[in-house]
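Chemist: My file is entry_24.cif. It has mmCIF, C-alpha atoms:
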```cif
data_data
#
loop_
_atom_site.label_atom_id
_atom_site.label_comp_id
_atom_site.auth_asym_id
_atom_site.auth_seq_id
_atom_site.Cartn_x
_atom_site.Cartn_y
_atom_site.Cartn_z
CA MET G 1 -15.88 -13.56 8.31
CA ASP G 2 -16.45 -14.86 11.82
CA LEU G 3 -15.23 -12.19 14.25
CA LYS G 4 -14.97 -13.02 17.95
CA HIS G 5 -16.27 -10.39 20.37
CA GLU G 6 -14.90 -9.11 23.66
CA ASP G 7 -17.15 -6.98 25.85
CA GLY G 8 -16.05 -3.70 27.34
CA GLU G 9 -16.63 0.02 27.00
CA ASN G 10 -17.79 1.03 23.54
CA LYS G 11 -15.10 3.28 22.03
CA GLY G 12 -16.36 2.89 18.48
CA ASN G 13 -15.86 0.07 16.01
CA VAL G 14 -12.59 -1.59 17.07
CA VAL G 15 -11.37 -4.61 15.07
CA LEU G 16 -8.12 -6.52 15.55
CA PHE G 17 -6.62 -8.73 12.85
CA ALA G 18 -4.20 -11.09 14.56
CA LEU G 19 -2.43 -14.44 14.47
CA SER G 20 -2.97 -16.98 17.25
CA THR G 21 0.79 -17.57 17.54
CA CYS G 22 1.86 -13.91 17.52
CA GLY G 23 3.26 -12.51 20.78
CA TRP G 24 2.70 -8.89 19.69
CA CYS G 25 -0.92 -9.72 18.83
CA LYS G 26 -1.38 -11.11 22.33
CA LYS G 27 0.09 -7.90 23.80
CA VAL G 28 -2.43 -5.80 21.83
CA ARG G 29 -5.30 -7.97 23.11
CA MET G 30 -4.04 -7.69 26.69
CA LEU G 31 -3.76 -3.90 26.33
CA LEU G 32 -7.31 -3.66 24.97
CA GLU G 33 -8.51 -5.73 27.92
CA ASP G 34 -6.55 -3.54 30.38
CA LEU G 35 -8.21 -0.49 28.80
CA GLU G 36 -11.58 -2.31 29.11
CA VAL G 37 -12.39 -1.62 25.45
CA GLU G 38 -15.09 -3.50 23.53
CA TYR G 39 -13.60 -5.00 20.36
CA ASP G 40 -13.89 -7.70 17.75
CA TYR G 41 -11.00 -9.82 16.55
CA ILE G 42 -10.08 -12.59 14.17
CA TYR G 43 -7.13 -14.96 14.21
CA VAL G 44 -6.47 -15.07 10.48
CA ASP G 45 -4.22 -18.14 10.76
CA LEU G 46 -7.11 -20.16 12.20
CA THR G 47 -9.34 -19.47 9.19
CA THR G 48 -9.47 -21.50 6.00
CA GLY G 49 -10.83 -21.27 2.49
CA ASP G 50 -13.32 -18.52 1.73
CA GLU G 51 -13.22 -17.16 5.26
CA ARG G 52 -9.43 -16.68 5.08
CA GLU G 53 -9.73 -15.04 1.67
CA GLU G 54 -12.41 -12.68 3.03
CA ALA G 55 -10.30 -11.83 6.10
CA VAL G 56 -7.18 -11.11 4.04
CA LYS G 57 -9.14 -8.93 1.59
CA ALA G 58 -10.67 -6.96 4.49
CA LEU G 59 -7.22 -6.52 6.05
CA GLU G 60 -5.60 -5.48 2.75
CA LYS G 61 -7.92 -2.45 2.54
CA PHE G 62 -6.25 -1.03 5.65
CA ASN G 63 -2.82 -2.70 5.59
CA PRO G 64 -1.64 -3.73 2.09
CA ASP G 65 1.34 -5.56 3.64
CA VAL G 66 -1.07 -7.88 5.54
CA SER G 67 1.06 -7.80 8.68
CA PHE G 68 0.02 -8.52 12.24
CA PRO G 69 -1.27 -7.23 14.53
CA THR G 70 -3.41 -4.66 12.71
CA LEU G 71 -5.89 -2.68 14.79
CA ILE G 72 -8.61 -0.72 12.99
CA ILE G 73 -10.63 1.91 14.81
CA ASN G 74 -13.84 3.26 13.24
CA ASP G 75 -12.75 2.13 9.76
CA SER G 76 -10.31 5.05 9.61
CA ASP G 77 -7.51 4.84 12.18
CA VAL G 78 -5.09 1.99 11.55
CA ILE G 79 -2.42 0.95 14.04
CA ILE G 80 0.02 -1.69 12.80
CA GLY G 81 2.12 -3.54 15.35
CA PHE G 82 2.15 -3.10 19.11
CA GLU G 83 2.08 0.70 19.38
CA LYS G 84 1.11 1.06 23.05
CA GLU G 85 1.09 4.87 23.14
CA LYS G 86 -0.95 5.18 19.94
CA ILE G 87 -3.50 2.64 21.15
CA GLU G 88 -3.78 4.33 24.54
CA SER G 89 -4.10 7.73 22.86
CA LYS G 90 -6.97 6.56 20.65
CA LEU G 91 -8.78 4.32 23.14
CA GLY G 92 -7.54 5.16 26.63
#
```
Can you dump the structure from the file as structure tokens?
Modeler:
Amino acid sequence: MDLKHEDGENKGNVVLFALSTCGWCKKVRMLLEDLEVEYDYIYVDLTTGDEREEAVKALEKFNPDVSFPTLIINDSDVIIGFEKEKIESKLG
């Protein structure tokens, strides 16, 4: 799975599963950038074949509904949707 990386302050392992056409996904990315957090992300809709299958399987472990955006922090905290207060609480 080819994750893209954004530099910032290391607040742990932060991974965003998103769609390139999703407005809420964009809001999460903008919030992470405002908080200056280092994170990795993948636009699942821009993947194909084995890479898409791998991305969906990885996402299903944390969010069985496979909905977007899904933010995973340190492989334990999962925030589904644009939950500004929760994201700020965990990463702010």
Chemist: Kindly indicate which residue among G:Val66, G:Asp77, G:Lys11, G:Phe82 lies nearest to Lys26 (chain G), using all atoms listed in the file for the distances.
Modeler: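 Smallest distance to Lys26 (chain G) is found for G:Phe82.
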Chemist: May I have the residues within 10 Å of Gly81 (chain G) as a ChimeraX atom specification, using only C-alpha atoms and disregarding those fewer than 6 positions away in the same chain?
Modeler: /G:18,24-25,27-28,67-71
Chemist: With C-alpha atoms kept, could you save the residues just selected as an mmCIF file, in the frame of the given file?
Modeler:
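Result file selection11.cif:
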```cif
data_model
loop_
_atom_site.group_PDB
_atom_site.id
_atom_site.type_symbol
_atom_site.label_atom_id
_atom_site.label_comp_id
_atom_site.auth_asym_id
_atom_site.auth_seq_id
_atom_site.Cartn_x
_atom_site.Cartn_y
_atom_site.Cartn_z
ATOM 1 C CA ALA G 18 -4.200 -11.090 14.560
ATOM 2 C CA TRP G 24 2.700 -8.890 19.690
ATOM 3 C CA CYS G 25 -0.920 -9.720 18.830
ATOM 4 C CA LYS G 27 0.090 -7.900 23.800
ATOM 5 C CA VAL G 28 -2.430 -5.800 21.830
ATOM 6 C CA SER G 67 1.060 -7.800 8.680
ATOM 7 C CA PHE G 68 0.020 -8.520 12.240
ATOM 8 C CA PRO G 69 -1.270 -7.230 14.530
ATOM 9 C CA THR G 70 -3.410 -4.660 12.710
ATOM 10 C CA LEU G 71 -5.890 -2.680 14.790
#
```
Chemist: Evaluating the PyMOL selection byres ((chain G and resi 17) around 12) on the displayed file yields which residues, as a PyMOL selection string?
Modeler: chain G and resi 1-4+14-16+18-20+22+24-26+28-29+39-47+52+55-60+62-63+66-73+78-81
Chemist: What residues come out when you apply the PyMOL selection byres ((chain G and resi 10) around 12) to this file, written as an NGL selection string?
Modeler: :G and (5-9 or 11-14 or 32 or 35-40 or 73-74 or 91-92)
Chemist: In Å, rounded to a single decimal, give me how far CA of Glu88 (chain G) is from CA of Ser76 (chain G).
Modeler: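 So the two atoms, CA of Ser76 (chain G) and CA of Glu88 (chain G), lie 16.3 Å apart.
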Chemist: Which residue gives the smallest distance to Ile87 (chain G) among G:Asp65, G:Asp50, G:Asp75, G:Leu31, with only C-alpha atoms counted?
Modeler: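 Residue with the minimum atom-to-atom distance to Ile87 (chain G): G:Leu31.
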